[in-house]
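*Asks:* Supplied in structure tokens, the structure appears directly below.
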Amino acid sequence: MIVKKNPDEFQNYLSDASNYQGTAEAVYLPESEEEVIELVKQCNIDKIRMTVSGNGTGLTGSRVPEGGIVISTEKMNKVIELNAAEKYLCVQPGMILKDLQNYVEEKKLFYPPDPTERNCFIGATVATNSSGARSFMYGPTRDYVTGMRIVLPSAQTISIKRGEIVATDYTFSFSTDQGTNYTFSIPRFKMPDTKNATGYYCRANMDLIDLFIGSEGTLGIITELKLKLLALNENILSCIVFFEKEEDAFNFIAEARTITKAGSFGEAIKISARGLEFFNKLTLNFLRENYHAIPEHSCSVWFEQELTDNEEELKETWLKFMQKHNANVKKSWMAVNKKEQEEFKDFRHAIGSKVNEFVARHGLRKVGTDVAVPAESFLSFYQWMIELVVQNNVKYVVYGHLGDCHIHLNMLPKDQEDFVKAKKIYSEICSESVRLKGTVSAEHGIGKMKREYLLLMYGEEIISQMAKLKLVFDSNRILNIGNIFDEKYLF
């Protein structure tokens with residue numbers, strides 16, 4: 001196991017893409033589950049805190065340590081088994097998502113979860129239940145995890161297979177590989193019906209595997225994953241459609257969403273978008289120095305459609321649909337091969353990177369929303385949100401997964417005074433999303449930066465119940481302390 005104890009060697013483990021900063025005494029890079037177990041055992045003996053580190057692409061400070069040691073899974077990055085016939089992949093948690101997707105696609109298989117930053121570790125995407133552009137059609141990471149091995153904070157291990165350990169109402173009972181029995185109740189509360197990644201996943205009669213997915217590393221350390229794959233359809237229609245008016249873009253998205261969910265388009269052939277992404281005019285202006293072909297005074301929608309035998313009919317249907325909603329068809333972009341499809345993905349992902357660079361350059365933390373609201377509330381919510389930012393004279397860009405009514409409004413404060421103003425706006429936006437029965441975090445999780453907003457969403461009683469649940473597994477209070485809820489709830 002590699003151990004880094006010289007602070008000069010591990011500074012890059014003390015922050016993430018949000019520019020949240022932390023401290024640590026050392027960084028450990030185990031190469032096997034056995035090394036993880038021995039490390040956890042020693043930390044229990046010495047009462048040393050452990051923070052499990054992803055690849056630093058997160059936006060909530062979840063991987064950032066606040067004292068103690070860091071455990072990075074980057075050396076645990078191997079494929080264990082690929083079963084093409086049964087369409088599953090067993091993999092260690094430190095494999096980079098982009099490498100995993102490329103690996104299975106070479107075998108004509110497909111792993112749908114596609115968060116904006118694909119240089120993340122696959123284990124981290126499970127820990128946060130990541131989603132992304134394709135979640136509109138395929139759902140979040142949760143839907144593709146069928147098994148996992150976990151080292152609990154006690155250093156005992158458990159193998160979980162989906163469907164094998166299920167709660168009776170709100171109560172679980174199971175044994176570890178070493179024979180220790182756990183019996184406990186999970187909190188009872190109503191999760192929003194929107195896309196959601198806030199706090200523990202809790203439902204009556206749920207599967208145990210879903211408790212660990214999205215738990216942000218607070219209940220155990222993932223050492224192995226079994227993931228469901230699909231057959232790969234390489235024939236994709238990918239378009240970036242430009243509009244002069246936001247109203248036209250939103251109408252395009254709203255009708256495409258309805259058609260996709262309903263599965264029909266009048267008498268015409270079926271439209272079925274697997275992603276519907278929006279970029280406002282300010283976002284495109286922010287990107288224009290890198291993409292000179294972006295038309296002036298435009299906003300845009302990126303959509304993808306999987307094609308079958310009726311390829312030409314589908315293309316014609318989408319063209320008519322674009323014309324119906326006043327798209328600038330002549331200046332819109334259409335990918336005609338795999339290389340161009342990848343370039344469109346890079347275009348989609350470029351905005352997040354540029355925002356992160358802007359934040360780091362100004363020495364401030366990122367202030368970007370991750371809210372989602374019900375479809376019937378989205379348009380009025382969006383208009384209210386933009387008006388709020390404009391009134392406060394804060395620079396911003398807006399983009400997001402509008403197929404899921406999930407929006408990223410990133411404020412770009414130029415100094416500390418602007419940052420304080422942006423944080424106040426952020427809080428108001430979160431409050432409004434909760435009032436509308438939405439979520440404060442649809443895909444990024446809570447980490448350390450958004451704990452007050454989880455409290456806003458669920459209240460102290462539910463947060464206390466979540467903390468009590470963590471203590472079932474982590475009685476010594478050593479694993480990923482500070483993620484999801486404040487340490488004060490652990491006493």
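Going through the structure tokens in order, the chains are called A, B, and so on, while each chain numbers its residues from 1 and the ligands are numbered from 1 in the order shown.
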Produce a table with one row for each residue of region 135-195 of chain A that has an atom at most 9 Å from any atom of region 79-94 of chain A, each row naming the nearest atom pair and its distance in Å at one decimal; use only C-alpha atoms; arrange rows by chain and rising residue number; format as CSV.
*Replies:*
```
residue,atom,partner,partner_atom,distance
A:Thr146,CA,A:Tyr88,CA,8.8
A:Gly147,CA,A:Cys90,CA,8.6
A:Met148,CA,A:Cys90,CA,8.9
```
*Asks:* How about saving the chosen residues, N, CA and C atoms kept, as a short mmCIF file (atom, residue, chain, number, x, y, z; two decimals), in the first residue's frame?
*Replies:*
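So result04.cif came out as:
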```cif
data_model
loop_
_atom_site.label_atom_id
_atom_site.label_comp_id
_atom_site.auth_asym_id
_atom_site.auth_seq_id
_atom_site.Cartn_x
_atom_site.Cartn_y
_atom_site.Cartn_z
N THR A 146 -26.33 -3.93 -9.26
CA THR A 146 -27.00 -5.18 -8.87
C THR A 146 -26.26 -5.92 -7.76
N GLY A 147 -25.06 -5.46 -7.43
CA GLY A 147 -24.32 -6.10 -6.34
C GLY A 147 -23.16 -5.24 -5.90
N MET A 148 -22.72 -5.42 -4.67
CA MET A 148 -21.54 -4.71 -4.18
C MET A 148 -20.95 -5.42 -2.97
#
```
*Asks:* Skip region 348-353 of chain A itself and residues of its chain fewer than 3 positions away, then list as a list of chain:residue names all residues within 9 Å of it, counting only C-alpha atoms.
*Replies:*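 Here the answer would be A:Ala17, A:Thr116, A:Glu117, A:Arg118, A:Glu277, A:Phe279, A:Thr283, A:Leu284, A:Phe286, A:Leu287, A:Trp302, A:Glu343, A:Phe344, A:Lys345, A:Asn356, A:Glu357, A:Phe358, A:Tyr399.
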*Asks:* So that I have them on file, write out the residues from the current selection with C-alpha atoms, as a compact mmCIF listing (two decimals), in the first residue's frame.
*Replies:*
```
# COMPACT_ATOMS: atom_id res chain seq x y z
CA ALA A 17 -13.93 20.79 -8.18
CA THR A 116 -21.22 15.61 -16.73
CA GLU A 117 -17.66 14.88 -15.52
CA ARG A 118 -16.70 11.40 -16.72
CA GLU A 277 -30.23 19.43 -22.26
CA PHE A 279 -27.98 26.05 -22.52
CA THR A 283 -23.88 29.97 -21.26
CA LEU A 284 -23.27 29.94 -25.01
CA PHE A 286 -19.32 31.82 -22.05
CA LEU A 287 -18.42 28.97 -24.41
CA TRP A 302 -28.99 19.20 -27.13
CA GLU A 343 -17.41 16.25 -29.80
CA PHE A 344 -20.99 17.11 -28.83
CA LYS A 345 -20.43 15.41 -25.47
CA ASN A 356 -14.94 25.43 -12.24
CA GLU A 357 -11.92 27.21 -13.74
CA PHE A 358 -13.59 30.60 -13.22
CA TYR A 399 -27.74 25.01 -18.23
```
*Asks:* Looking at only C-alpha atoms, which of A:Thr218, A:Thr439, A:Ser300, A:Asn129 is the one that sits closest to Leu490 (chain A)?
*Replies:*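 Once distances to Leu490 (chain A) are computed over only C-alpha atoms, the minimum belongs to A:Thr218.
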*Asks:* Per residue of region 50-104 of chain A within 8 Å of region 442-457 of chain A, note the shortest atom pair and the distance in Å to one decimal, counting only C-alpha atoms, and order the rows by chain and increasing residue number, as a tab-separated table.
*Replies:*
```
residue	atom	partner	partner_atom	distance
A:Gly58	CA	A:His444	CA	7.3
A:Leu59	CA	A:His444	CA	6.7
A:Thr60	CA	A:Gly447	CA	4.8
A:Gly61	CA	A:Lys448	CA	5.3
A:Ser62	CA	A:Gly447	CA	4.1
A:Arg63	CA	A:Gly447	CA	7.9
```
*Asks:* Please give the complete set of residues from region 199-382 of chain A that DSSP, run on the backbone, assigns to helix (DSSP H, G or I), formatted as number ranges by chain.
*Replies:* A: 208-212, 246-262, 281-287, 311-324, 329-331, 338-361, 375-382
*Asks:* For the residues selected in the previous step, produce a file with C-alpha atoms as a PDB file, in the first residue's frame.
*Replies:*
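Output (again-v9.pdb):
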```pdb
ATOM      1  CA  LEU A 208     -30.564  -2.985   1.368  1.00  0.00           C
ATOM      2  CA  ILE A 209     -28.371  -2.198  -1.642  1.00  0.00           C
ATOM      3  CA  ASP A 210     -30.315   1.040  -2.146  1.00  0.00           C
ATOM      4  CA  LEU A 211     -29.437   2.233   1.355  1.00  0.00           C
ATOM      5  CA  PHE A 212     -25.730   2.184   0.496  1.00  0.00           C
ATOM      6  CA  GLU A 246     -35.975  30.779 -24.813  1.00  0.00           C
ATOM      7  CA  GLU A 247     -39.750  30.369 -25.007  1.00  0.00           C
ATOM      8  CA  ASP A 248     -39.346  28.308 -28.187  1.00  0.00           C
ATOM      9  CA  ALA A 249     -36.607  26.174 -26.623  1.00  0.00           C
ATOM     10  CA  PHE A 250     -38.729  25.472 -23.530  1.00  0.00           C
ATOM     11  CA  ASN A 251     -41.760  24.582 -25.631  1.00  0.00           C
ATOM     12  CA  PHE A 252     -39.557  22.252 -27.689  1.00  0.00           C
ATOM     13  CA  ILE A 253     -38.313  20.534 -24.517  1.00  0.00           C
ATOM     14  CA  ALA A 254     -41.736  20.341 -22.881  1.00  0.00           C
ATOM     15  CA  GLU A 255     -43.363  18.713 -25.897  1.00  0.00           C
ATOM     16  CA  ALA A 256     -40.405  16.378 -26.503  1.00  0.00           C
ATOM     17  CA  ARG A 257     -40.604  15.338 -22.834  1.00  0.00           C
ATOM     18  CA  THR A 258     -44.309  14.627 -23.117  1.00  0.00           C
ATOM     19  CA  ILE A 259     -43.939  12.737 -26.382  1.00  0.00           C
ATOM     20  CA  THR A 260     -41.081  10.627 -25.048  1.00  0.00           C
ATOM     21  CA  LYS A 261     -42.980   9.713 -21.892  1.00  0.00           C
ATOM     22  CA  ALA A 262     -46.206   9.024 -23.787  1.00  0.00           C
ATOM     23  CA  LYS A 281     -27.618  32.556 -24.150  1.00  0.00           C
ATOM     24  CA  LEU A 282     -25.182  33.535 -21.412  1.00  0.00           C
ATOM     25  CA  THR A 283     -23.879  29.971 -21.259  1.00  0.00           C
ATOM     26  CA  LEU A 284     -23.266  29.943 -25.014  1.00  0.00           C
ATOM     27  CA  ASN A 285     -21.530  33.322 -24.755  1.00  0.00           C
ATOM     28  CA  PHE A 286     -19.324  31.821 -22.047  1.00  0.00           C
ATOM     29  CA  LEU A 287     -18.415  28.967 -24.412  1.00  0.00           C
ATOM     30  CA  GLU A 311     -33.640   6.090 -39.375  1.00  0.00           C
ATOM     31  CA  GLU A 312     -34.674   8.471 -42.139  1.00  0.00           C
ATOM     32  CA  GLU A 313     -38.252   8.736 -40.882  1.00  0.00           C
ATOM     33  CA  LEU A 314     -37.031   9.607 -37.382  1.00  0.00           C
ATOM     34  CA  LYS A 315     -34.668  12.267 -38.692  1.00  0.00           C
ATOM     35  CA  GLU A 316     -37.462  13.786 -40.752  1.00  0.00           C
ATOM     36  CA  THR A 317     -39.788  13.739 -37.732  1.00  0.00           C
ATOM     37  CA  TRP A 318     -37.235  15.574 -35.588  1.00  0.00           C
ATOM     38  CA  LEU A 319     -36.637  18.103 -38.381  1.00  0.00           C
ATOM     39  CA  LYS A 320     -40.362  18.891 -38.559  1.00  0.00           C
ATOM     40  CA  PHE A 321     -40.465  19.115 -34.781  1.00  0.00           C
ATOM     41  CA  MET A 322     -37.584  21.618 -34.784  1.00  0.00           C
ATOM     42  CA  GLN A 323     -39.335  23.700 -37.437  1.00  0.00           C
ATOM     43  CA  LYS A 324     -42.586  23.615 -35.471  1.00  0.00           C
ATOM     44  CA  VAL A 329     -32.438  24.700 -38.448  1.00  0.00           C
ATOM     45  CA  LYS A 330     -29.759  25.956 -40.862  1.00  0.00           C
ATOM     46  CA  LYS A 331     -27.342  26.828 -38.062  1.00  0.00           C
ATOM     47  CA  LYS A 338     -19.146   8.666 -33.666  1.00  0.00           C
ATOM     48  CA  LYS A 339     -16.386  11.278 -33.648  1.00  0.00           C
ATOM     49  CA  GLU A 340     -18.864  14.146 -33.915  1.00  0.00           C
ATOM     50  CA  GLN A 341     -21.068  12.594 -31.239  1.00  0.00           C
ATOM     51  CA  GLU A 342     -18.091  12.626 -28.880  1.00  0.00           C
ATOM     52  CA  GLU A 343     -17.412  16.247 -29.798  1.00  0.00           C
ATOM     53  CA  PHE A 344     -20.994  17.113 -28.831  1.00  0.00           C
ATOM     54  CA  LYS A 345     -20.435  15.408 -25.469  1.00  0.00           C
ATOM     55  CA  ASP A 346     -17.288  17.457 -25.004  1.00  0.00           C
ATOM     56  CA  PHE A 347     -19.321  20.574 -25.803  1.00  0.00           C
ATOM     57  CA  ARG A 348     -21.882  19.605 -23.153  1.00  0.00           C
ATOM     58  CA  HIS A 349     -19.186  18.925 -20.572  1.00  0.00           C
ATOM     59  CA  ALA A 350     -17.110  22.018 -21.378  1.00  0.00           C
ATOM     60  CA  ILE A 351     -19.377  24.428 -19.544  1.00  0.00           C
ATOM     61  CA  GLY A 352     -18.913  22.691 -16.191  1.00  0.00           C
ATOM     62  CA  SER A 353     -15.138  22.766 -16.575  1.00  0.00           C
ATOM     63  CA  LYS A 354     -15.118  26.448 -17.544  1.00  0.00           C
ATOM     64  CA  VAL A 355     -17.263  27.375 -14.552  1.00  0.00           C
ATOM     65  CA  ASN A 356     -14.938  25.427 -12.239  1.00  0.00           C
ATOM     66  CA  GLU A 357     -11.919  27.208 -13.738  1.00  0.00           C
ATOM     67  CA  PHE A 358     -13.586  30.597 -13.220  1.00  0.00           C
ATOM     68  CA  VAL A 359     -14.316  29.784  -9.569  1.00  0.00           C
ATOM     69  CA  ALA A 360     -10.771  28.551  -8.892  1.00  0.00           C
ATOM     70  CA  ARG A 361      -9.260  31.601 -10.615  1.00  0.00           C
ATOM     71  CA  ALA A 375     -42.684  19.623 -14.360  1.00  0.00           C
ATOM     72  CA  GLU A 376     -45.857  21.623 -13.757  1.00  0.00           C
ATOM     73  CA  SER A 377     -43.891  24.154 -11.672  1.00  0.00           C
ATOM     74  CA  PHE A 378     -40.738  24.341 -13.727  1.00  0.00           C
ATOM     75  CA  LEU A 379     -41.350  27.274 -16.093  1.00  0.00           C
ATOM     76  CA  SER A 380     -42.588  29.692 -13.422  1.00  0.00           C
ATOM     77  CA  PHE A 381     -39.789  28.543 -11.091  1.00  0.00           C
ATOM     78  CA  TYR A 382     -37.170  29.150 -13.785  1.00  0.00           C
TER      79      TYR A 382
END
```
*Asks:* Could you state the separation of CA of Leu436 (chain A) and CA of Ile407 (chain A) in Å, given to one decimal place?
*Replies:* 14.3 Å
*Asks:* Any idea what's packed within 6 Å of Arg274 (chain A), counting only C-alpha atoms, ignoring anything in its chain fewer than 2 positions away? Could you give it as a list in words?
*Replies:*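 Counting only C-alpha atoms, the residues come to Arg134, Phe136, Met137, Glu304 and Gln305 of chain A.
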*Asks:* Please produce a file of the residues just selected, as a PDB file, in the first residue's frame, where the atoms kept are N, CA and C atoms.
*Replies:*
```pdb
ATOM      1  N   ARG A 134     -28.289  11.345 -19.764  1.00  0.00           N
ATOM      2  CA  ARG A 134     -29.096  10.213 -20.213  1.00  0.00           C
ATOM      3  C   ARG A 134     -30.070   9.691 -19.165  1.00  0.00           C
ATOM      4  N   PHE A 136     -32.653  10.991 -18.212  1.00  0.00           N
ATOM      5  CA  PHE A 136     -34.017  11.269 -18.659  1.00  0.00           C
ATOM      6  C   PHE A 136     -34.674   9.988 -19.170  1.00  0.00           C
ATOM      7  N   MET A 137     -33.946   9.204 -19.951  1.00  0.00           N
ATOM      8  CA  MET A 137     -34.490   7.945 -20.448  1.00  0.00           C
ATOM      9  C   MET A 137     -34.135   6.761 -19.561  1.00  0.00           C
ATOM     10  N   GLU A 304     -30.540  13.664 -27.914  1.00  0.00           N
ATOM     11  CA  GLU A 304     -30.075  12.431 -28.559  1.00  0.00           C
ATOM     12  C   GLU A 304     -31.261  11.499 -28.745  1.00  0.00           C
ATOM     13  N   GLN A 305     -31.218  10.751 -29.830  1.00  0.00           N
ATOM     14  CA  GLN A 305     -32.262   9.770 -30.148  1.00  0.00           C
ATOM     15  C   GLN A 305     -31.569   8.518 -30.669  1.00  0.00           C
TER      16      GLN A 305
END
```
*Asks:* I'd like the neighbourhood of Leu219 (chain A) as a list in words, where a residue qualifies if any of its atoms comes within 7 Å (using only C-alpha atoms), though same-chain residues fewer than 5 positions away should be ignored.
*Replies:*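 Here the answer would be Leu152, Phe212, Lys470 and Phe473 of chain A.
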*Asks:* Determine, counting only C-alpha atoms, which protein, DNA and RNA residues have an atom within 8 Å of an atom of Cys239 (chain A); residues of the same chain fewer than 4 positions away are not included. Present the result as a list of chain:residue names.
*Replies:*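 Result of the neighbour search: A:Trp302, A:Phe303, A:Glu304, A:Ser332, A:Trp333, A:Met334, A:Ala335.
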*Asks:* With N, CA and C atoms retained, could you export that selection as a PDB file, in the first residue's frame?
*Replies:*
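So part-v6.pdb came out as:
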```
ATOM      1  N   TRP A 302     -29.663  20.395 -26.599  1.00  0.00           N
ATOM      2  CA  TRP A 302     -28.993  19.197 -27.125  1.00  0.00           C
ATOM      3  C   TRP A 302     -29.893  18.000 -26.850  1.00  0.00           C
ATOM      4  N   PHE A 303     -30.201  17.248 -27.897  1.00  0.00           N
ATOM      5  CA  PHE A 303     -30.957  16.015 -27.681  1.00  0.00           C
ATOM      6  C   PHE A 303     -30.267  14.855 -28.389  1.00  0.00           C
ATOM      7  N   GLU A 304     -30.540  13.664 -27.914  1.00  0.00           N
ATOM      8  CA  GLU A 304     -30.075  12.431 -28.559  1.00  0.00           C
ATOM      9  C   GLU A 304     -31.261  11.499 -28.745  1.00  0.00           C
ATOM     10  N   SER A 332     -28.199  24.905 -36.828  1.00  0.00           N
ATOM     11  CA  SER A 332     -28.117  23.848 -35.826  1.00  0.00           C
ATOM     12  C   SER A 332     -27.107  22.801 -36.254  1.00  0.00           C
ATOM     13  N   TRP A 333     -26.570  22.067 -35.287  1.00  0.00           N
ATOM     14  CA  TRP A 333     -25.516  21.081 -35.535  1.00  0.00           C
ATOM     15  C   TRP A 333     -26.084  19.676 -35.421  1.00  0.00           C
ATOM     16  N   MET A 334     -25.695  18.816 -36.347  1.00  0.00           N
ATOM     17  CA  MET A 334     -26.105  17.417 -36.299  1.00  0.00           C
ATOM     18  C   MET A 334     -24.869  16.537 -36.438  1.00  0.00           C
ATOM     19  N   ALA A 335     -24.687  15.615 -35.501  1.00  0.00           N
ATOM     20  CA  ALA A 335     -23.553  14.693 -35.563  1.00  0.00           C
ATOM     21  C   ALA A 335     -23.887  13.551 -36.517  1.00  0.00           C
TER      22      ALA A 335
END
```
